[in-house]
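Chemist: Input file: work.cif. Contents: mmCIF, C-alpha atoms and all ligand atoms.
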```
data_model
#
loop_
_atom_site.label_atom_id
_atom_site.label_comp_id
_atom_site.auth_asym_id
_atom_site.auth_seq_id
_atom_site.Cartn_x
_atom_site.Cartn_y
_atom_site.Cartn_z
CA MET A 110 -9.26 1.53 22.74
CA SER A 111 -9.42 -0.71 19.72
CA ILE A 112 -9.98 0.06 16.05
CA ALA A 113 -12.77 -1.76 14.21
CA PRO A 114 -12.29 -2.84 10.57
CA GLU A 115 -15.19 -0.57 9.56
CA GLN A 116 -13.12 2.43 10.63
CA ILE A 117 -10.38 1.54 8.17
CA THR A 118 -10.27 2.06 4.40
CA GLY A 119 -7.85 -0.14 2.46
CA LEU A 120 -5.78 1.24 -0.42
CA ILE A 121 -4.02 -0.85 -3.06
CA LEU A 122 -0.93 1.01 -4.27
CA ALA A 123 -0.63 0.27 -7.99
CA GLY A 124 0.52 3.65 -9.26
CA GLY A 125 4.18 2.98 -9.98
CA ARG A 126 6.20 2.84 -13.18
CA GLY A 127 7.12 -0.81 -12.86
CA SER A 128 10.48 0.01 -14.36
CA ARG A 129 12.24 -3.08 -12.98
CA MET A 130 9.54 -5.14 -14.70
CA GLY A 131 10.24 -3.45 -18.02
CA GLY A 132 7.79 -0.58 -17.54
CA VAL A 133 4.65 -2.71 -17.46
CA ASP A 134 1.65 -1.89 -15.27
CA LYS A 135 2.70 -4.18 -12.41
CA GLY A 136 -0.73 -4.49 -10.80
CA LEU A 137 -2.16 -5.96 -14.01
CA GLN A 138 0.46 -8.70 -14.37
CA ASN A 139 -0.94 -12.14 -13.73
CA PHE A 140 -0.03 -14.15 -10.67
CA ARG A 141 -1.52 -17.65 -10.69
CA GLY A 142 -3.96 -16.61 -13.39
CA MET A 143 -5.23 -13.40 -11.78
CA PRO A 144 -3.89 -9.82 -11.81
CA LEU A 145 -1.60 -8.97 -8.89
CA ALA A 146 -3.68 -5.99 -7.81
CA LEU A 147 -6.83 -8.14 -7.71
CA HIS A 148 -5.05 -10.62 -5.44
CA ALA A 149 -4.18 -7.76 -3.11
CA LEU A 150 -7.72 -6.42 -3.26
CA LEU A 151 -9.31 -9.77 -2.43
CA ARG A 152 -6.90 -10.30 0.45
CA LEU A 153 -7.37 -6.83 1.88
CA ALA A 154 -11.14 -6.44 1.49
CA PRO A 155 -12.17 -8.80 4.37
CA GLN A 156 -9.77 -6.96 6.69
CA VAL A 157 -11.27 -3.47 6.26
CA GLY A 158 -14.59 -1.62 5.83
CA SER A 159 -14.00 -0.63 2.20
CA VAL A 160 -11.26 -0.68 -0.39
CA MET A 161 -9.99 1.55 -3.17
CA ILE A 162 -7.23 1.41 -5.75
CA ASN A 163 -4.56 3.95 -6.61
CA ALA A 164 -3.40 3.55 -10.21
CA ASN A 165 -2.05 5.86 -12.89
CA ARG A 166 -2.48 3.81 -16.08
CA ASN A 167 -5.16 1.53 -17.54
CA LEU A 168 -7.76 2.91 -15.14
CA GLY A 169 -10.58 1.02 -16.87
CA ALA A 170 -8.91 -2.32 -16.23
CA TYR A 171 -8.64 -1.50 -12.52
CA GLU A 172 -12.22 -0.21 -12.39
CA ALA A 173 -13.36 -3.64 -13.59
CA PHE A 174 -12.24 -5.03 -10.20
CA GLY A 175 -15.24 -3.26 -8.68
CA ALA A 176 -13.57 -0.79 -6.32
CA PRO A 177 -13.09 2.96 -6.76
CA VAL A 178 -9.91 3.87 -8.65
CA TRP A 179 -8.00 7.10 -8.04
CA PRO A 180 -4.96 8.34 -9.98
CA ASP A 181 -2.31 10.53 -8.36
CA ALA A 182 -3.04 14.24 -8.17
CA LEU A 183 0.72 14.86 -8.07
CA PRO A 184 2.33 14.64 -11.52
CA ASP A 185 5.24 12.55 -12.85
CA TYR A 186 5.12 9.40 -10.72
CA ALA A 187 6.16 11.10 -7.51
CA GLY A 188 6.49 7.79 -5.67
CA PRO A 189 4.47 5.84 -3.09
CA LEU A 190 3.91 8.94 -0.97
CA ALA A 191 1.84 10.33 -3.85
CA GLY A 192 -0.29 7.21 -3.48
CA PHE A 193 -0.64 7.79 0.27
CA LEU A 194 -1.78 11.34 -0.48
CA THR A 195 -4.33 10.17 -3.05
CA GLY A 196 -5.66 7.65 -0.55
CA LEU A 197 -5.92 10.12 2.31
CA GLU A 198 -7.68 12.67 0.10
CA HIS A 199 -10.39 10.15 -0.77
CA CYS A 200 -10.62 8.37 2.57
CA GLU A 201 -13.92 8.75 4.44
CA THR A 202 -12.96 6.72 7.52
CA PRO A 203 -10.66 7.71 10.42
CA TYR A 204 -7.93 5.31 9.27
CA LEU A 205 -6.30 4.32 5.98
CA VAL A 206 -4.19 1.22 5.41
CA THR A 207 -1.97 0.83 2.35
CA VAL A 208 -0.62 -2.30 0.69
CA PRO A 209 1.45 -2.51 -2.50
CA CYS A 210 0.08 -4.37 -5.52
CA ASP A 211 3.12 -6.61 -5.89
CA THR A 212 3.00 -8.60 -2.63
CA PRO A 213 0.01 -10.93 -3.10
CA LEU A 214 0.70 -13.23 -0.13
CA PHE A 215 0.66 -10.65 2.68
CA PRO A 216 -0.86 -11.91 5.96
CA GLU A 217 -4.62 -12.27 6.30
CA ASP A 218 -4.41 -10.64 9.71
CA LEU A 219 -2.15 -7.80 8.57
CA VAL A 220 -4.61 -5.02 9.35
CA ALA A 221 -5.73 -6.41 12.71
CA ARG A 222 -2.13 -6.61 13.87
CA LEU A 223 -1.28 -3.10 12.68
CA ALA A 224 -4.48 -1.73 14.23
CA ASP A 225 -3.88 -3.40 17.61
CA ALA A 226 -0.34 -2.06 17.74
CA LEU A 227 -1.39 1.43 16.69
CA ALA A 228 -4.14 1.59 19.30
CA GLN A 229 -1.96 0.19 22.05
CA ALA A 230 0.86 2.65 21.38
CA ASP A 231 -1.53 5.53 20.70
CA ALA A 232 0.51 6.22 17.56
CA ASP A 233 -0.41 8.04 14.33
CA ILE A 234 1.28 5.61 11.94
CA ALA A 235 2.06 1.90 12.13
CA MET A 236 4.35 0.22 9.60
CA VAL A 237 5.39 -3.37 9.05
CA ARG A 238 8.88 -4.49 9.98
CA THR A 239 10.34 -7.87 8.95
CA GLY A 240 13.70 -8.55 10.58
CA GLU A 241 15.68 -5.33 10.28
CA GLN A 242 13.71 -4.25 7.22
CA VAL A 243 10.94 -1.66 7.50
CA GLN A 244 8.21 -2.14 4.86
CA PRO A 245 6.79 1.40 4.75
CA VAL A 246 4.25 0.69 2.00
CA PHE A 247 2.42 -1.60 4.46
CA CYS A 248 1.19 1.29 6.50
CA LEU A 249 -1.78 2.09 8.73
CA LEU A 250 -2.30 5.78 9.28
CA LYS A 251 -4.72 8.25 10.77
CA SER A 252 -6.68 10.06 8.07
CA SER A 253 -6.21 13.31 9.98
CA LEU A 254 -2.62 13.33 8.71
CA VAL A 255 -3.85 14.48 5.28
CA GLU A 256 -3.06 18.17 5.89
CA SER A 257 0.45 17.29 7.00
CA LEU A 258 1.03 15.19 3.88
CA VAL A 259 -0.40 17.87 1.57
CA ARG A 260 2.07 20.33 3.05
CA PHE A 261 5.01 17.93 2.89
CA THR A 262 4.45 16.86 -0.71
CA HIS A 263 3.65 20.36 -1.96
CA GLU A 264 6.97 21.51 -0.53
CA GLY A 265 8.58 18.82 -2.68
CA GLY A 266 8.97 16.08 -0.06
CA ARG A 267 9.01 12.59 -1.58
CA LYS A 268 10.60 10.26 0.96
CA ILE A 269 8.23 8.24 3.13
CA ASP A 270 10.56 8.05 6.12
CA ARG A 271 11.19 11.79 6.11
CA TRP A 272 7.46 12.38 6.38
CA THR A 273 6.60 9.63 8.85
CA ALA A 274 9.42 10.83 11.14
CA GLN A 275 7.35 13.97 11.74
CA HIS A 276 4.66 11.89 13.46
CA ARG A 277 4.26 9.29 16.18
CA CYS A 278 5.27 6.27 14.21
CA ILE A 279 5.68 2.66 15.30
CA GLU A 280 7.17 -0.36 13.56
CA VAL A 281 5.24 -3.59 14.02
CA PRO A 282 7.36 -6.74 13.76
CA PHE A 283 6.08 -9.59 11.60
CA ASP A 284 7.87 -12.97 11.77
CA ASP A 285 6.43 -14.37 8.54
CA GLU A 286 8.96 -12.66 6.29
CA SER A 287 8.13 -14.75 3.21
CA ALA A 288 4.56 -13.38 3.24
CA PHE A 289 6.09 -10.03 2.34
CA PHE A 290 8.12 -11.25 -0.63
CA ASN A 291 7.40 -8.77 -3.41
CA ALA A 292 7.85 -9.09 -7.14
CA ASN A 293 9.87 -6.24 -8.61
CA THR A 294 11.00 -8.15 -11.70
CA LEU A 295 9.35 -10.77 -13.91
CA GLU A 296 11.88 -13.27 -12.58
CA GLU A 297 10.75 -12.54 -9.00
CA LEU A 298 7.13 -12.89 -10.09
CA ARG A 299 7.82 -16.39 -11.47
CA GLN A 300 9.74 -17.21 -8.27
CA LEU A 301 6.74 -16.12 -6.22
CA GLU A 302 4.38 -18.23 -8.32
CA ALA A 303 6.52 -21.26 -7.58
CA SER A 304 6.54 -20.62 -3.81
CA HIS A 305 4.31 -22.47 -1.38
CA GLY A 306 2.56 -19.42 0.06
N1 LIG B 401 0.72 6.36 -6.61
C1 LIG B 401 1.97 6.01 -6.84
N2 LIG B 401 2.42 4.83 -6.38
C2 LIG B 401 3.70 4.50 -6.65
C3 LIG B 401 4.55 5.34 -7.37
N3 LIG B 401 5.75 4.73 -7.45
C4 LIG B 401 5.65 3.55 -6.81
N4 LIG B 401 4.41 3.40 -6.33
C5 LIG B 401 3.87 2.24 -5.61
O1 LIG B 401 4.66 2.00 -4.49
C6 LIG B 401 4.82 0.61 -4.28
C7 LIG B 401 6.29 0.26 -4.17
O2 LIG B 401 6.94 0.70 -5.34
P1 LIG B 401 7.89 -0.20 -6.24
O3 LIG B 401 7.92 -1.60 -5.77
O4 LIG B 401 9.17 0.53 -6.37
O5 LIG B 401 7.07 -0.21 -7.63
P2 LIG B 401 7.36 0.61 -8.92
O6 LIG B 401 7.84 1.97 -8.55
O7 LIG B 401 6.17 0.49 -9.80
O8 LIG B 401 8.54 -0.24 -9.58
P3 LIG B 401 9.96 0.30 -10.05
O9 LIG B 401 9.69 1.33 -11.13
O10 LIG B 401 10.64 -0.92 -10.58
O11 LIG B 401 10.62 0.89 -8.84
C8 LIG B 401 4.15 -0.09 -5.44
O12 LIG B 401 2.91 -0.57 -4.97
C9 LIG B 401 3.96 1.00 -6.47
O13 LIG B 401 2.78 0.83 -7.24
C10 LIG B 401 4.02 6.60 -7.85
O14 LIG B 401 4.69 7.41 -8.47
N5 LIG B 401 2.74 6.87 -7.54
MG MG B 402 9.76 2.20 -7.35
#
```
What's the C-alpha cells form of this structure?
Ligand SMILES: Nc1nc2c(ncn2[C@@H]2O[C@H](COP(=O)(O)OP(=O)(O)OP(=O)(O)O)[C@@H](O)[C@H]2O)c(=O)[nH]1
Ligand SMILES: [Mg+2]
Modeler:
Amino acid sequence: MSIAPEQITGLILAGGRGSRMGGVDKGLQNFRGMPLALHALLRLAPQVGSVMINANRNLGAYEAFGAPVWPDALPDYAGPLAGFLTGLEHCETPYLVTVPCDTPLFPEDLVARLADALAQADADIAMVRTGEQVQPVFCLLKSSLVESLVRFTHEGGRKIDRWTAQHRCIEVPFDDESAFFNANTLEELRQLEASHG
C-alpha cells in the first residue's frame, strides 16, 4: 500500500514563542528576502494535497500567504504538540505531516520518504532522524490519532515523545543533515542565509 500526496495535509508549525530569537514571531522573520514560514509553505505545498498554517500571533500576516491559518486551542503556548493537535483537529485527509517554520531548506522529497516508510512499516507515525538525533517536529501521522492526542493533552501531557511512544512509531533516517539545520537564534538565521543550501 502506498500513500498518495492528495491523502496528506501539510501543516507549518509557526506557533511558538521564539524566545531564543528575542521573542519575535519566528515564522515572519525574513530568510533571503522572504518570511521563513512562507519558505516552508512553498517547499511543502508541492509535496502534499493541501497546506495549512498553525500560528498564534499576527494571524493576518500569515493569512496573506494564502493558506488557512489556525491558532492553538490550548492556551499558553503549550508547545509543538499543541500545534499537532490544532492540525489534526482541522485535517480533512487521512494523514497530516508537520514541518517547523524555522527549517527552510528541508528536503523536497521529505513527505514522499516519510510516506513510503510509514506505509511499508504499517506504522501510525513516522518521524525524521538525522544521525542519532530524532527531529519529532518533522512528523507524518494518521489523522485518526486525534482522539488519542485530545486525551493526552487534556490530561496535561506536553512531551511529543511521551505521546508518540503510545503508538506505532518509526524513525526514518535522512542522510542530508544540513537540510534540517534550523534557526533558533538570529545568529543561526544569518548562518543559514550564508549556507549553500
Ligand atoms: N502551536 C505551537 N507551536 C509551537 C509552540 N512552541 C513551539 N512551537 C513550534 O514548534 C517548533 C519547534 O519549536 P522551537 O524551535 O522551540 O520554536 P519556539 O518554541 O518558537 O522557540 P523558542 O521559544 O526559542 O524555544 C516551531 O516550529 C515552533 O513554532 C506552541 O506553544 N504552540
Ligand atoms: Mg521552543
Chemist: So, counting all atoms listed in the file, which residue among A:Val160, A:Leu168, A:Leu137, A:Ala154 is closest to Asp181 of chain A?
Modeler: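 Using all atoms listed in the file, the shortest distance to Asp181 of chain A belongs to A:Leu168.
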Chemist: Could you make a table, as JSON lines, of the residues of chain A that have an atom within 12 Å of an atom of ligand MG 402 (chain B), each with its nearest atom pair and distance in Å to one decimal, counting all atoms listed in the file, in chain and number order?
Modeler:
```
{"residue": "A:Leu122", "atom": "CA", "partner": "B:MG402", "partner_atom": "MG", "distance": 11.2}
{"residue": "A:Ala123", "atom": "CA", "partner": "B:MG402", "partner_atom": "MG", "distance": 10.6}
{"residue": "A:Gly124", "atom": "CA", "partner": "B:MG402", "partner_atom": "MG", "distance": 9.5}
{"residue": "A:Gly125", "atom": "CA", "partner": "B:MG402", "partner_atom": "MG", "distance": 6.2}
{"residue": "A:Arg126", "atom": "CA", "partner": "B:MG402", "partner_atom": "MG", "distance": 6.9}
{"residue": "A:Gly127", "atom": "CA", "partner": "B:MG402", "partner_atom": "MG", "distance": 6.8}
{"residue": "A:Ser128", "atom": "CA", "partner": "B:MG402", "partner_atom": "MG", "distance": 7.4}
{"residue": "A:Arg129", "atom": "CA", "partner": "B:MG402", "partner_atom": "MG", "distance": 8.1}
{"residue": "A:Met130", "atom": "CA", "partner": "B:MG402", "partner_atom": "MG", "distance": 10.4}
{"residue": "A:Gly132", "atom": "CA", "partner": "B:MG402", "partner_atom": "MG", "distance": 10.7}
{"residue": "A:Lys135", "atom": "CA", "partner": "B:MG402", "partner_atom": "MG", "distance": 10.8}
{"residue": "A:Tyr186", "atom": "CA", "partner": "B:MG402", "partner_atom": "MG", "distance": 9.2}
{"residue": "A:Ala187", "atom": "CA", "partner": "B:MG402", "partner_atom": "MG", "distance": 9.6}
{"residue": "A:Gly188", "atom": "CA", "partner": "B:MG402", "partner_atom": "MG", "distance": 6.7}
{"residue": "A:Pro189", "atom": "CA", "partner": "B:MG402", "partner_atom": "MG", "distance": 7.7}
{"residue": "A:Leu190", "atom": "CA", "partner": "B:MG402", "partner_atom": "MG", "distance": 11.0}
{"residue": "A:Ala191", "atom": "CA", "partner": "B:MG402", "partner_atom": "MG", "distance": 11.9}
{"residue": "A:Gly192", "atom": "CA", "partner": "B:MG402", "partner_atom": "MG", "distance": 11.9}
{"residue": "A:Pro209", "atom": "CA", "partner": "B:MG402", "partner_atom": "MG", "distance": 10.7}
{"residue": "A:Cys210", "atom": "CA", "partner": "B:MG402", "partner_atom": "MG", "distance": 11.8}
{"residue": "A:Asp211", "atom": "CA", "partner": "B:MG402", "partner_atom": "MG", "distance": 11.1}
{"residue": "A:Val246", "atom": "CA", "partner": "B:MG402", "partner_atom": "MG", "distance": 11.0}
{"residue": "A:Arg267", "atom": "CA", "partner": "B:MG402", "partner_atom": "MG", "distance": 11.9}
{"residue": "A:Lys268", "atom": "CA", "partner": "B:MG402", "partner_atom": "MG", "distance": 11.6}
{"residue": "A:Asn291", "atom": "CA", "partner": "B:MG402", "partner_atom": "MG", "distance": 11.9}
{"residue": "A:Ala292", "atom": "CA", "partner": "B:MG402", "partner_atom": "MG", "distance": 11.5}
{"residue": "A:Asn293", "atom": "CA", "partner": "B:MG402", "partner_atom": "MG", "distance": 8.5}
{"residue": "A:Thr294", "atom": "CA", "partner": "B:MG402", "partner_atom": "MG", "distance": 11.3}
```
Chemist: Please report the interatomic distance between atom CA of Cys200 of chain A and atom CA of Asp225 of chain A in Å with one decimal.
Modeler: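 We find that atom CA of Cys200 of chain A and atom CA of Asp225 of chain A lie 20.3 Å from each other.
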Chemist: Contacts of segment 237-245 of chain A at 6 Å or less, counting only C-alpha atoms, minus same-chain residues fewer than 2 places along, as a ChimeraX atom specification?
Modeler: /A:247-248,280-283,286
Chemist: At a cut-off of 12 Å, using all atoms listed in the file, what residues contact segment 175-177 of chain A? Leave out same-chain residues fewer than 6 positions from it and give the result as a PDB file with C-alpha atoms, in the frame of the given file.
Modeler:
```pdb
ATOM      1  CA  THR A 118     -10.270   2.060   4.400  1.00  0.00           C
ATOM      2  CA  GLY A 119      -7.850  -0.140   2.460  1.00  0.00           C
ATOM      3  CA  LEU A 120      -5.780   1.240  -0.420  1.00  0.00           C
ATOM      4  CA  ILE A 121      -4.020  -0.850  -3.060  1.00  0.00           C
ATOM      5  CA  ALA A 146      -3.680  -5.990  -7.810  1.00  0.00           C
ATOM      6  CA  LEU A 147      -6.830  -8.140  -7.710  1.00  0.00           C
ATOM      7  CA  LEU A 150      -7.720  -6.420  -3.260  1.00  0.00           C
ATOM      8  CA  LEU A 151      -9.310  -9.770  -2.430  1.00  0.00           C
ATOM      9  CA  LEU A 153      -7.370  -6.830   1.880  1.00  0.00           C
ATOM     10  CA  ALA A 154     -11.140  -6.440   1.490  1.00  0.00           C
ATOM     11  CA  SER A 159     -14.000  -0.630   2.200  1.00  0.00           C
ATOM     12  CA  VAL A 160     -11.260  -0.680  -0.390  1.00  0.00           C
ATOM     13  CA  MET A 161      -9.990   1.550  -3.170  1.00  0.00           C
ATOM     14  CA  ILE A 162      -7.230   1.410  -5.750  1.00  0.00           C
ATOM     15  CA  ASN A 163      -4.560   3.950  -6.610  1.00  0.00           C
ATOM     16  CA  ALA A 164      -3.400   3.550 -10.210  1.00  0.00           C
ATOM     17  CA  LEU A 168      -7.760   2.910 -15.140  1.00  0.00           C
ATOM     18  CA  GLY A 169     -10.580   1.020 -16.870  1.00  0.00           C
ATOM     19  CA  THR A 195      -4.330  10.170  -3.050  1.00  0.00           C
ATOM     20  CA  GLY A 196      -5.660   7.650  -0.550  1.00  0.00           C
ATOM     21  CA  HIS A 199     -10.390  10.150  -0.770  1.00  0.00           C
ATOM     22  CA  CYS A 200     -10.620   8.370   2.570  1.00  0.00           C
TER      23      CYS A 200
END
```
Chemist: Of the candidates A:Leu219, A:Leu197, A:Met143, A:Ile234, which one gets nearest to ligand LIG 401 (chain B) if we count all atoms listed in the file?
Modeler: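 Closest candidate: A:Leu197.
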Chemist: Compare A:Ala226, A:Val208, A:Ile117, A:Ala173 by their minimum atom-to-atom distance to ligand LIG 401 (chain B), counting all atoms listed in the file, and give me the closest one.
Modeler: A:Val208
Chemist: Would you mind completing segment 265-300 of chain A to N, CA and C atoms and writing the output as a CSV table (one decimal), in the coordinates of the input?
Modeler:
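What follows is the written file out03.csv:
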```
chain,number,residue,atom,x,y,z
A,265,GLY,N,7.6,19.6,-1.9
A,265,GLY,CA,8.6,18.8,-2.7
A,265,GLY,C,9.0,17.5,-2.0
A,266,GLY,N,8.6,17.3,-0.8
A,266,GLY,CA,9.0,16.1,-0.1
A,266,GLY,C,8.5,14.8,-0.8
A,267,ARG,N,9.4,13.8,-0.9
A,267,ARG,CA,9.0,12.6,-1.6
A,267,ARG,C,9.3,11.3,-0.8
A,268,LYS,N,10.1,11.5,0.3
A,268,LYS,CA,10.6,10.3,1.0
A,268,LYS,C,9.7,9.9,2.1
A,269,ILE,N,9.2,8.7,2.1
A,269,ILE,CA,8.2,8.2,3.1
A,269,ILE,C,8.8,8.4,4.5
A,270,ASP,N,10.0,8.0,4.7
A,270,ASP,CA,10.6,8.0,6.1
A,270,ASP,C,10.8,9.5,6.6
A,271,ARG,N,11.0,10.4,5.7
A,271,ARG,CA,11.2,11.8,6.1
A,271,ARG,C,9.9,12.3,6.6
A,272,TRP,N,8.8,11.9,6.0
A,272,TRP,CA,7.5,12.4,6.4
A,272,TRP,C,7.0,11.7,7.7
A,273,THR,N,7.1,10.4,7.7
A,273,THR,CA,6.6,9.6,8.8
A,273,THR,C,7.4,10.0,10.1
A,274,ALA,N,8.6,10.4,10.0
A,274,ALA,CA,9.4,10.8,11.1
A,274,ALA,C,8.8,12.1,11.8
A,275,GLN,N,8.0,12.8,11.1
A,275,GLN,CA,7.4,14.0,11.7
A,275,GLN,C,6.2,13.6,12.7
A,276,HIS,N,5.8,12.3,12.7
A,276,HIS,CA,4.7,11.9,13.5
A,276,HIS,C,5.0,10.7,14.4
A,277,ARG,N,4.0,10.4,15.3
A,277,ARG,CA,4.3,9.3,16.2
A,277,ARG,C,4.1,8.0,15.4
A,278,CYS,N,5.2,7.4,15.2
A,278,CYS,CA,5.3,6.3,14.2
A,278,CYS,C,5.8,5.0,14.9
A,279,ILE,N,5.2,3.9,14.7
A,279,ILE,CA,5.7,2.7,15.3
A,279,ILE,C,5.9,1.6,14.2
A,280,GLU,N,6.9,0.8,14.5
A,280,GLU,CA,7.2,-0.4,13.6
A,280,GLU,C,6.6,-1.6,14.2
A,281,VAL,N,5.9,-2.4,13.5
A,281,VAL,CA,5.2,-3.6,14.0
A,281,VAL,C,5.9,-4.8,13.4
A,282,PRO,N,6.6,-5.6,14.3
A,282,PRO,CA,7.4,-6.7,13.8
A,282,PRO,C,6.5,-7.9,13.3
A,283,PHE,N,6.8,-8.4,12.1
A,283,PHE,CA,6.1,-9.6,11.6
A,283,PHE,C,7.1,-10.7,11.4
A,284,ASP,N,6.9,-11.9,11.9
A,284,ASP,CA,7.9,-13.0,11.8
A,284,ASP,C,7.8,-13.6,10.4
A,285,ASP,N,6.6,-13.6,9.8
A,285,ASP,CA,6.4,-14.4,8.5
A,285,ASP,C,7.0,-13.6,7.3
A,286,GLU,N,8.3,-13.5,7.3
A,286,GLU,CA,9.0,-12.7,6.3
A,286,GLU,C,8.6,-13.0,4.9
A,287,SER,N,8.4,-14.3,4.6
A,287,SER,CA,8.1,-14.8,3.2
A,287,SER,C,6.8,-14.2,2.7
A,288,ALA,N,5.9,-13.9,3.6
A,288,ALA,CA,4.6,-13.4,3.2
A,288,ALA,C,4.7,-12.0,2.6
A,289,PHE,N,5.9,-11.4,2.9
A,289,PHE,CA,6.1,-10.0,2.3
A,289,PHE,C,7.0,-10.0,1.1
A,290,PHE,N,7.3,-11.2,0.6
A,290,PHE,CA,8.1,-11.2,-0.6
A,290,PHE,C,7.4,-10.5,-1.8
A,291,ASN,N,8.1,-9.5,-2.3
A,291,ASN,CA,7.4,-8.8,-3.4
A,291,ASN,C,8.1,-8.9,-4.7
A,292,ALA,N,7.3,-8.8,-5.8
A,292,ALA,CA,7.8,-9.1,-7.1
A,292,ALA,C,8.2,-7.8,-7.8
A,293,ASN,N,9.5,-7.5,-7.9
A,293,ASN,CA,9.9,-6.2,-8.6
A,293,ASN,C,10.2,-6.5,-10.1
A,294,THR,N,10.6,-7.8,-10.3
A,294,THR,CA,11.0,-8.2,-11.7
A,294,THR,C,10.1,-9.3,-12.1
A,295,LEU,N,10.1,-9.6,-13.4
A,295,LEU,CA,9.4,-10.8,-13.9
A,295,LEU,C,9.9,-12.1,-13.3
A,296,GLU,N,11.2,-12.1,-13.2
A,296,GLU,CA,11.9,-13.3,-12.6
A,296,GLU,C,11.4,-13.5,-11.1
A,297,GLU,N,11.3,-12.4,-10.4
A,297,GLU,CA,10.8,-12.5,-9.0
A,297,GLU,C,9.3,-12.9,-9.0
A,298,LEU,N,8.5,-12.5,-10.0
A,298,LEU,CA,7.1,-12.9,-10.1
A,298,LEU,C,7.0,-14.4,-10.3
A,299,ARG,N,7.8,-14.9,-11.2
A,299,ARG,CA,7.8,-16.4,-11.5
A,299,ARG,C,8.3,-17.2,-10.2
A,300,GLN,N,9.3,-16.6,-9.5
A,300,GLN,CA,9.7,-17.2,-8.3
A,300,GLN,C,8.6,-17.3,-7.2
```
